[in-house]
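Shown next: run-v5.txt, given as compact mmCIF, C-alpha atoms.
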```
# COMPACT_ATOMS: atom_id res chain seq x y z
CA MET A 10 -17.52 15.18 0.29
CA GLN A 11 -16.14 13.81 3.55
CA HIS A 12 -16.41 10.22 2.33
CA LEU A 13 -14.61 11.13 -0.91
CA PHE A 14 -11.86 12.86 1.07
CA GLU A 15 -11.49 9.78 3.28
CA PHE A 16 -11.40 7.50 0.24
CA LEU A 17 -8.67 9.58 -1.41
CA LEU A 18 -6.64 9.67 1.79
CA ARG A 19 -6.70 5.87 1.89
CA GLN A 20 -5.36 5.59 -1.64
CA GLY A 21 -2.66 8.18 -1.06
CA ASP A 22 -1.64 6.91 2.36
CA ASN A 23 -1.26 3.36 1.06
CA ALA A 24 1.07 4.55 -1.69
CA LEU A 25 2.98 6.90 0.62
CA VAL A 26 3.61 4.44 3.44
CA LEU A 27 4.56 1.54 1.17
CA GLY A 28 6.69 3.87 -0.94
CA HIS A 29 8.61 5.02 2.12
CA ARG A 30 9.06 1.50 3.47
CA THR A 31 10.35 0.35 0.07
CA SER A 32 12.72 3.32 -0.15
CA GLU A 33 14.42 2.12 3.03
CA TRP A 34 16.22 -0.49 0.90
CA CYS A 35 17.95 2.18 -1.19
CA GLY A 36 21.69 1.50 -1.00
CA ILE A 37 21.39 -1.66 1.13
CA ALA A 38 19.46 -4.15 -1.03
CA PRO A 39 21.07 -7.60 -1.44
CA ALA A 40 22.02 -6.96 -5.08
CA LEU A 41 22.48 -3.88 -7.24
CA GLU A 42 19.66 -4.90 -9.58
CA GLU A 43 17.29 -5.23 -6.62
CA ASP A 44 18.45 -1.90 -5.21
CA ILE A 45 17.55 -0.16 -8.47
CA ALA A 46 14.25 -2.04 -8.86
CA LEU A 47 13.09 -1.27 -5.32
CA THR A 48 14.08 2.37 -5.65
CA ASN A 49 12.10 2.66 -8.88
CA THR A 50 9.09 1.00 -7.24
CA ALA A 51 9.30 3.48 -4.36
CA LEU A 52 9.44 6.40 -6.79
CA ASP A 53 6.38 5.09 -8.63
CA LEU A 54 4.46 4.89 -5.36
CA ILE A 55 5.48 8.37 -4.25
CA GLY A 56 4.34 9.68 -7.63
CA GLN A 57 0.96 8.04 -7.07
CA THR A 58 0.86 9.59 -3.60
CA GLN A 59 1.17 13.05 -5.11
CA LEU A 60 -1.83 12.42 -7.37
CA TRP A 61 -4.12 10.95 -4.72
CA LEU A 62 -3.25 13.36 -1.92
CA GLY A 63 -3.26 16.30 -4.31
CA TYR A 64 -6.84 15.50 -5.23
CA ALA A 65 -7.69 14.88 -1.56
CA ALA A 66 -6.43 18.36 -0.68
CA GLU A 67 -8.63 19.89 -3.38
CA VAL A 68 -11.70 18.00 -2.15
CA GLU A 69 -11.02 19.01 1.45
CA GLY A 70 -10.88 22.68 0.45
CA ALA A 71 -9.01 23.70 3.61
CA GLY A 72 -5.98 25.22 1.92
CA ARG A 73 -3.76 22.22 2.51
CA SER A 74 -1.54 20.68 -0.15
CA ALA A 75 -0.43 17.12 -0.85
CA ASN A 76 2.78 17.90 1.04
CA ASP A 77 0.80 19.12 4.04
CA LEU A 78 -1.22 15.91 4.12
CA ALA A 79 1.93 13.81 3.82
CA TYR A 80 4.19 15.62 6.24
CA LEU A 81 2.01 17.45 8.75
CA ARG A 82 -0.42 14.78 9.92
CA ASP A 83 0.11 12.56 12.95
CA ALA A 84 -0.02 8.78 12.95
CA TYR A 85 -3.67 8.55 14.02
CA ASP A 86 -4.70 10.63 11.01
CA PHE A 87 -3.26 8.17 8.49
CA ARG A 88 -5.57 5.68 6.79
CA ASN A 89 -3.14 3.22 5.23
CA LEU A 90 -3.41 -0.54 5.48
CA LEU A 91 -1.56 -1.79 8.55
CA MET A 92 0.30 -4.38 6.47
CA LEU A 93 2.10 -1.61 4.61
CA GLU A 94 3.63 0.01 7.66
CA VAL A 95 5.16 -3.01 9.39
CA PRO A 96 8.98 -2.92 9.34
CA ASN A 97 10.71 -4.52 6.37
CA GLU A 98 12.50 -7.06 8.60
CA ASP A 99 14.20 -8.77 5.65
CA PHE A 100 14.10 -8.91 1.85
CA GLY A 101 11.63 -11.80 1.90
CA ARG A 102 9.02 -9.94 3.94
CA THR A 103 9.46 -6.83 1.79
CA LEU A 104 8.81 -8.71 -1.45
CA MET A 105 5.96 -10.78 -0.01
CA ARG A 106 4.22 -7.64 1.25
CA GLN A 107 4.70 -5.99 -2.11
CA PHE A 108 3.19 -9.00 -3.86
CA LEU A 109 0.18 -9.28 -1.56
CA PHE A 110 -0.57 -5.59 -2.08
CA ASP A 111 0.09 -5.67 -5.84
CA ALA A 112 -2.26 -8.63 -6.25
CA PHE A 113 -5.02 -6.46 -4.79
CA GLN A 114 -3.99 -3.20 -6.40
CA VAL A 115 -4.11 -4.37 -10.02
CA PRO A 116 -7.78 -5.48 -10.00
CA TRP A 117 -8.63 -2.51 -7.74
CA LEU A 118 -7.15 0.09 -10.09
CA THR A 119 -8.65 -1.73 -13.06
CA ALA A 120 -12.08 -1.36 -11.47
CA LEU A 121 -11.45 2.31 -10.64
CA GLN A 122 -11.06 3.01 -14.34
CA ASN A 123 -14.86 2.73 -14.46
CA SER A 124 -15.35 5.31 -11.71
CA ALA A 125 -18.01 8.02 -12.04
CA ASP A 126 -15.31 10.49 -10.92
CA GLN A 127 -13.12 11.46 -13.88
CA ARG A 128 -10.15 12.42 -11.71
CA VAL A 129 -10.23 9.00 -10.07
CA VAL A 130 -10.31 7.42 -13.53
CA GLU A 131 -7.26 9.43 -14.63
CA ILE A 132 -5.23 8.62 -11.52
CA ALA A 133 -6.18 4.95 -11.62
CA THR A 134 -5.29 4.64 -15.30
CA LYS A 135 -1.83 6.10 -14.77
CA SER A 136 -1.21 4.11 -11.60
CA LEU A 137 -2.37 0.84 -13.13
CA LYS A 138 0.47 0.81 -15.64
CA GLU A 139 2.97 0.95 -12.80
CA ALA A 140 1.06 -1.47 -10.57
CA THR A 141 0.93 -4.06 -13.34
CA TYR A 142 4.71 -3.97 -13.65
CA HIS A 143 5.06 -4.12 -9.87
CA LEU A 144 2.87 -7.24 -9.74
CA ASP A 145 4.78 -8.99 -12.51
CA ARG A 146 8.05 -8.34 -10.76
CA SER A 147 6.96 -9.10 -7.19
CA ALA A 148 5.25 -12.36 -8.24
CA GLU A 149 8.32 -13.49 -10.19
CA THR A 150 10.59 -12.70 -7.25
CA VAL A 151 8.36 -14.51 -4.76
CA VAL A 152 8.47 -17.59 -6.99
CA ALA A 153 12.23 -17.33 -7.46
CA LEU A 154 12.84 -17.12 -3.73
CA GLY A 155 10.18 -19.63 -2.71
CA ASP A 156 11.38 -22.17 -5.23
CA GLY A 157 15.03 -21.44 -4.47
CA THR A 158 17.12 -22.76 -1.61
CA ALA A 159 15.80 -24.27 1.58
CA ASP A 160 16.74 -21.07 3.40
CA SER A 161 15.02 -18.74 0.92
CA ASN A 162 11.90 -20.93 0.94
CA ALA A 163 11.79 -20.86 4.74
CA ARG A 164 12.13 -17.07 4.77
CA MET A 165 9.34 -16.60 2.24
CA GLN A 166 7.06 -18.99 4.13
CA ALA A 167 7.77 -17.08 7.34
CA ALA A 168 6.98 -13.80 5.57
CA LEU A 169 3.70 -15.17 4.22
CA ASP A 170 2.67 -16.54 7.62
CA TYR A 171 3.50 -13.23 9.31
CA LEU A 172 1.66 -11.01 6.81
CA TRP A 173 -1.38 -13.23 6.29
CA PRO A 174 -3.40 -11.96 9.29
CA TYR A 175 -3.06 -8.40 7.97
CA ALA A 176 -4.42 -9.24 4.52
CA GLY A 177 -8.05 -9.33 5.62
CA GLU A 178 -8.06 -5.55 5.92
CA LEU A 179 -7.80 -5.34 2.12
CA PHE A 180 -11.40 -6.58 1.86
CA ALA A 181 -13.03 -5.08 4.95
CA ASP A 182 -15.86 -2.83 3.68
CA ASP A 183 -16.97 0.05 5.88
CA GLU A 184 -19.20 3.13 5.72
CA THR A 185 -16.86 5.04 3.42
CA ASP A 186 -16.54 2.10 1.05
CA ARG A 187 -20.30 1.74 0.86
CA ALA A 188 -20.74 5.47 0.28
CA MET A 189 -18.29 5.37 -2.63
CA ALA A 190 -20.04 2.32 -4.09
CA ASP A 191 -23.44 4.02 -3.81
CA VAL A 192 -22.30 6.88 -6.09
CA SER A 193 -20.25 4.59 -8.38
CA ILE A 194 -16.92 6.18 -7.52
CA ALA A 195 -15.40 2.88 -6.40
CA PRO A 196 -16.52 -0.73 -5.98
CA LEU A 197 -16.54 -2.43 -2.62
CA PRO A 198 -13.04 -3.71 -1.74
CA SER A 199 -14.56 -7.08 -0.83
CA GLY A 200 -15.32 -7.59 -4.50
CA MET A 201 -11.59 -7.80 -5.23
CA ARG A 202 -11.09 -10.89 -3.06
CA PRO A 203 -11.70 -13.56 -5.76
CA ALA A 204 -9.15 -12.06 -8.17
CA TRP A 205 -6.66 -11.54 -5.34
CA ALA A 206 -7.10 -15.06 -4.01
CA ALA A 207 -6.59 -16.59 -7.46
CA ALA A 208 -3.35 -14.65 -8.00
CA VAL A 209 -2.05 -15.50 -4.52
CA GLU A 210 -2.91 -19.19 -4.81
CA ASP A 211 -1.26 -19.53 -8.23
CA THR A 212 1.89 -17.74 -7.13
CA ALA A 213 2.14 -19.60 -3.82
CA LYS A 214 1.85 -22.93 -5.64
CA ALA A 215 4.60 -21.98 -8.10
CA ALA A 216 6.74 -20.77 -5.19
CA CYS A 217 6.30 -24.02 -3.22
CA LEU A 218 4.68 -22.10 -0.39
CA LYS A 219 1.75 -23.21 1.76
CA LEU A 220 -1.09 -20.74 2.31
CA PRO A 221 -2.10 -20.47 5.98
CA GLU A 222 -5.21 -22.50 6.76
CA SER A 223 -6.78 -19.89 9.02
CA ASP A 224 -8.87 -17.09 7.58
CA PHE A 225 -7.74 -13.50 7.87
CA ALA A 226 -7.82 -11.51 11.06
CA HIS A 227 -9.40 -8.19 10.14
CA SER A 228 -7.38 -5.25 11.41
CA GLY A 229 -8.90 -1.81 11.88
CA GLY A 230 -6.21 0.49 10.55
CA ARG A 231 -8.31 2.53 8.16
CA THR A 232 -10.93 3.37 10.76
CA GLY A 233 -8.41 4.78 13.21
CA ALA A 234 -8.47 1.86 15.69
CA ARG A 235 -4.83 1.21 15.00
CA HIS A 236 -1.46 0.59 16.58
CA THR A 237 0.85 3.51 15.93
CA GLU A 238 4.24 2.24 17.09
CA HIS A 239 5.50 1.26 13.64
CA LEU A 240 3.93 4.18 11.78
CA GLY A 241 4.93 6.70 14.44
CA HIS A 242 8.58 5.69 14.15
CA MET A 243 8.41 5.79 10.37
CA LEU A 244 6.81 9.23 10.35
CA ALA A 245 9.48 10.56 12.71
CA VAL A 246 12.01 9.78 9.96
CA MET A 247 9.85 10.76 6.99
CA GLN A 248 8.61 14.07 8.42
CA VAL A 249 11.70 15.30 10.26
CA LEU A 250 12.80 17.89 7.69
CA GLN A 251 9.36 19.48 7.26
CA ARG A 252 8.70 19.55 10.99
CA SER A 253 12.17 20.89 11.80
CA TYR A 254 11.91 23.65 9.21
CA PRO A 255 8.18 24.41 8.76
CA GLY A 256 7.34 25.89 5.38
CA ALA A 257 10.83 25.42 4.01
CA VAL A 258 11.09 25.43 0.20
CA TRP A 259 13.92 24.48 -2.13
```

Represent the supplied structure as structure tokens.
Amino acid sequence: MQHLFEFLLRQGDNALVLGHRTSEWCGIAPALEEDIALTNTALDLIGQTQLWLGYAAEVEGAGRSANDLAYLRDAYDFRNLLMLEVPNEDFGRTLMRQFLFDAFQVPWLTALQNSADQRVVEIATKSLKEATYHLDRSAETVVALGDGTADSNARMQAALDYLWPYAGELFADDETDRAMADVSIAPLPSGMRPAWAAAVEDTAKAACLKLPESDFAHSGGRTGARHTEHLGHMLAVMQVLQRSYPGAVW
């Protein structure tokens, strides 16, 4: 059960961390339409967090809830992809990160619909509807900005170049991934690379962006060998209410 718990934490932590980063644009996005769209995306991701971490808490069987897993763990206990926790920096990086993740998440959730675990199937099916919309929107926005002005193109290229080294972690299989594949709960993440690469290449071409020539640098966020500066700062903001008033309820 430990591998299943770890697997569920990864899904929930990805949604939680990206959802929080996206929510940081609420009220300050460059246009009202974008403000609303980013806020809705963040809400979708937080909803997915509740499902994944809720199931993780059940599997753990230690009396913790989804809220406990979200708000009472320290940075080293999180298993999210490192790409999702880096600061937003600007609108271009935010949308590029969303696109790179969405391009993985759609084929990933599609594959999870064939899981041997019925709860995983149910969560993946619900999340896929939202992820498909997220991908459509993030890809369209990347193209609009990449094929826009010289300044917007330069910003999107800079965002792609910055995030590219982090993308390898999407496909880095480890012991937990292999354990989940052995019992048909989830496929190996590496199997998603062809679909991801095709989506990224098509979108980059339409956006007049050049894919970096170097291959990915694999980061070790999910295994715990991680940098915690960015996540630690984010958690200080995200967890302040729960840690200041332990057990508080509305």

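Of note, CA of Ala65 in chain A and CA of Leu17 in chain A are spaced 5.4 Å apart.
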
(request) Give me, please, the distance in Å between CA of Lys214 in chain A and CA of Arg164 in chain A, quoted to one decimal. (result) 15.8 Å

(request) Fewer than 4 positions away in the same chain doesn't count, so skip those; otherwise give me all residues within 12 Å of range 127-142 of chain A, counting only C-alpha atoms, as a ChimeraX atom specification. (result) /A:13-14,16-17,20-21,24,46,49-65,67-68,107-123,146-149,189,193-195

(message) Ranking A:Pro203, A:Trp173, A:Asp99, A:Arg106 by minimum distance to Pro39 in chain A and counting all atoms listed in the file, which one comes first?
(response) A:Asp99

(request) Rank A:Leu90, A:Leu240, A:Leu144, A:Val249 by their smallest atom-to-atom distance to Ala208 in chain A, using only C-alpha atoms, and report the top residue only. (result)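 Looking only at the distances to Ala208 in chain A, the closest residue turns out to be A:Leu144.
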
(request) Find the residue from A:Ala38, A:Glu69, A:Cys217, A:Gln251 that sits nearest to Gly157 in chain A; use all atoms listed in the file when measuring. (result) A:Cys217

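Closest approach to Leu104 in chain A from the set A:Ala168, A:Ala71, A:Leu218, A:Leu78 is made by A:Ala168, with distances taken over all atoms listed in the file.
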
(request) Please measure the separation of CA of Glu210 in chain A and CA of Leu154 in chain A, giving the value in Å to one decimal. (result)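 Between CA of Glu210 in chain A and CA of Leu154 in chain A the gap is 15.9 Å.
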
Rebuild all heavy atoms on range 137-148 of chain A, as a short mmCIF file (atom, residue, chain, number, x, y, z; two decimals), in the coordinates of the input?
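Wrote it out as result15.cif, contents follow:
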```cif
data_model
loop_
_atom_site.label_atom_id
_atom_site.label_comp_id
_atom_site.auth_asym_id
_atom_site.auth_seq_id
_atom_site.Cartn_x
_atom_site.Cartn_y
_atom_site.Cartn_z
N LEU A 137 -2.24 2.24 -12.75
CA LEU A 137 -2.37 0.84 -13.13
C LEU A 137 -1.19 0.36 -13.96
O LEU A 137 -0.74 -0.78 -13.81
CB LEU A 137 -3.68 0.62 -13.90
CG LEU A 137 -3.94 -0.80 -14.40
CD1 LEU A 137 -3.97 -1.80 -13.25
CD2 LEU A 137 -5.25 -0.84 -15.19
N LYS A 138 -0.68 1.20 -14.82
CA LYS A 138 0.47 0.81 -15.64
C LYS A 138 1.66 0.44 -14.76
O LYS A 138 2.36 -0.54 -15.01
CB LYS A 138 0.85 1.96 -16.58
CG LYS A 138 -0.23 2.31 -17.59
CD LYS A 138 0.18 3.52 -18.43
CE LYS A 138 -0.92 3.91 -19.41
NZ LYS A 138 -0.57 5.13 -20.19
N GLU A 139 1.87 1.22 -13.72
CA GLU A 139 2.97 0.95 -12.80
C GLU A 139 2.67 -0.27 -11.93
O GLU A 139 3.55 -1.12 -11.70
CB GLU A 139 3.22 2.18 -11.94
CG GLU A 139 3.65 3.40 -12.76
CD GLU A 139 3.63 4.70 -11.99
OE1 GLU A 139 2.97 4.77 -10.93
OE2 GLU A 139 4.27 5.67 -12.47
N ALA A 140 1.43 -0.36 -11.44
CA ALA A 140 1.06 -1.47 -10.57
C ALA A 140 1.16 -2.81 -11.28
O ALA A 140 1.53 -3.83 -10.68
CB ALA A 140 -0.36 -1.27 -10.03
N THR A 141 0.83 -2.82 -12.57
CA THR A 141 0.93 -4.06 -13.34
C THR A 141 2.38 -4.54 -13.42
O THR A 141 2.67 -5.74 -13.26
CB THR A 141 0.36 -3.86 -14.76
OG1 THR A 141 -1.02 -3.47 -14.66
CG2 THR A 141 0.45 -5.13 -15.58
N TYR A 142 3.28 -3.61 -13.64
CA TYR A 142 4.71 -3.97 -13.65
C TYR A 142 5.14 -4.43 -12.26
O TYR A 142 5.88 -5.42 -12.13
CB TYR A 142 5.55 -2.77 -14.08
CG TYR A 142 7.02 -2.97 -13.83
CD1 TYR A 142 7.78 -3.83 -14.63
CD2 TYR A 142 7.66 -2.35 -12.76
CE1 TYR A 142 9.12 -4.05 -14.37
CE2 TYR A 142 9.00 -2.56 -12.50
CZ TYR A 142 9.73 -3.41 -13.30
OH TYR A 142 11.05 -3.63 -13.04
N HIS A 143 4.69 -3.74 -11.23
CA HIS A 143 5.06 -4.12 -9.87
C HIS A 143 4.61 -5.55 -9.56
O HIS A 143 5.34 -6.33 -8.95
CB HIS A 143 4.42 -3.17 -8.84
CG HIS A 143 4.90 -1.76 -8.94
ND1 HIS A 143 4.28 -0.72 -8.27
CD2 HIS A 143 5.93 -1.20 -9.62
CE1 HIS A 143 4.91 0.41 -8.53
NE2 HIS A 143 5.91 0.14 -9.35
N LEU A 144 3.39 -5.89 -9.99
CA LEU A 144 2.87 -7.24 -9.74
C LEU A 144 3.67 -8.29 -10.48
O LEU A 144 4.00 -9.34 -9.92
CB LEU A 144 1.39 -7.32 -10.13
CG LEU A 144 0.73 -8.70 -10.00
CD1 LEU A 144 0.83 -9.22 -8.57
CD2 LEU A 144 -0.72 -8.64 -10.45
N ASP A 145 3.98 -8.02 -11.74
CA ASP A 145 4.78 -8.99 -12.51
C ASP A 145 6.10 -9.25 -11.81
O ASP A 145 6.53 -10.41 -11.65
CB ASP A 145 5.04 -8.46 -13.92
CG ASP A 145 3.79 -8.47 -14.79
OD1 ASP A 145 2.83 -9.17 -14.42
OD2 ASP A 145 3.78 -7.78 -15.83
N ARG A 146 6.74 -8.20 -11.37
CA ARG A 146 8.05 -8.34 -10.76
C ARG A 146 7.97 -8.99 -9.38
O ARG A 146 8.75 -9.90 -9.06
CB ARG A 146 8.73 -6.98 -10.64
CG ARG A 146 10.12 -7.10 -10.05
CD ARG A 146 10.83 -5.77 -9.87
NE ARG A 146 12.10 -6.04 -9.21
CZ ARG A 146 12.25 -6.22 -7.90
NH1 ARG A 146 11.20 -6.15 -7.10
NH2 ARG A 146 13.43 -6.47 -7.38
N SER A 147 7.04 -8.55 -8.54
CA SER A 147 6.96 -9.10 -7.19
C SER A 147 6.56 -10.57 -7.23
O SER A 147 7.10 -11.39 -6.47
CB SER A 147 5.98 -8.30 -6.33
OG SER A 147 4.67 -8.34 -6.84
N ALA A 148 5.65 -10.95 -8.13
CA ALA A 148 5.25 -12.36 -8.24
C ALA A 148 6.43 -13.21 -8.70
O ALA A 148 6.68 -14.30 -8.15
CB ALA A 148 4.08 -12.50 -9.21
#
```
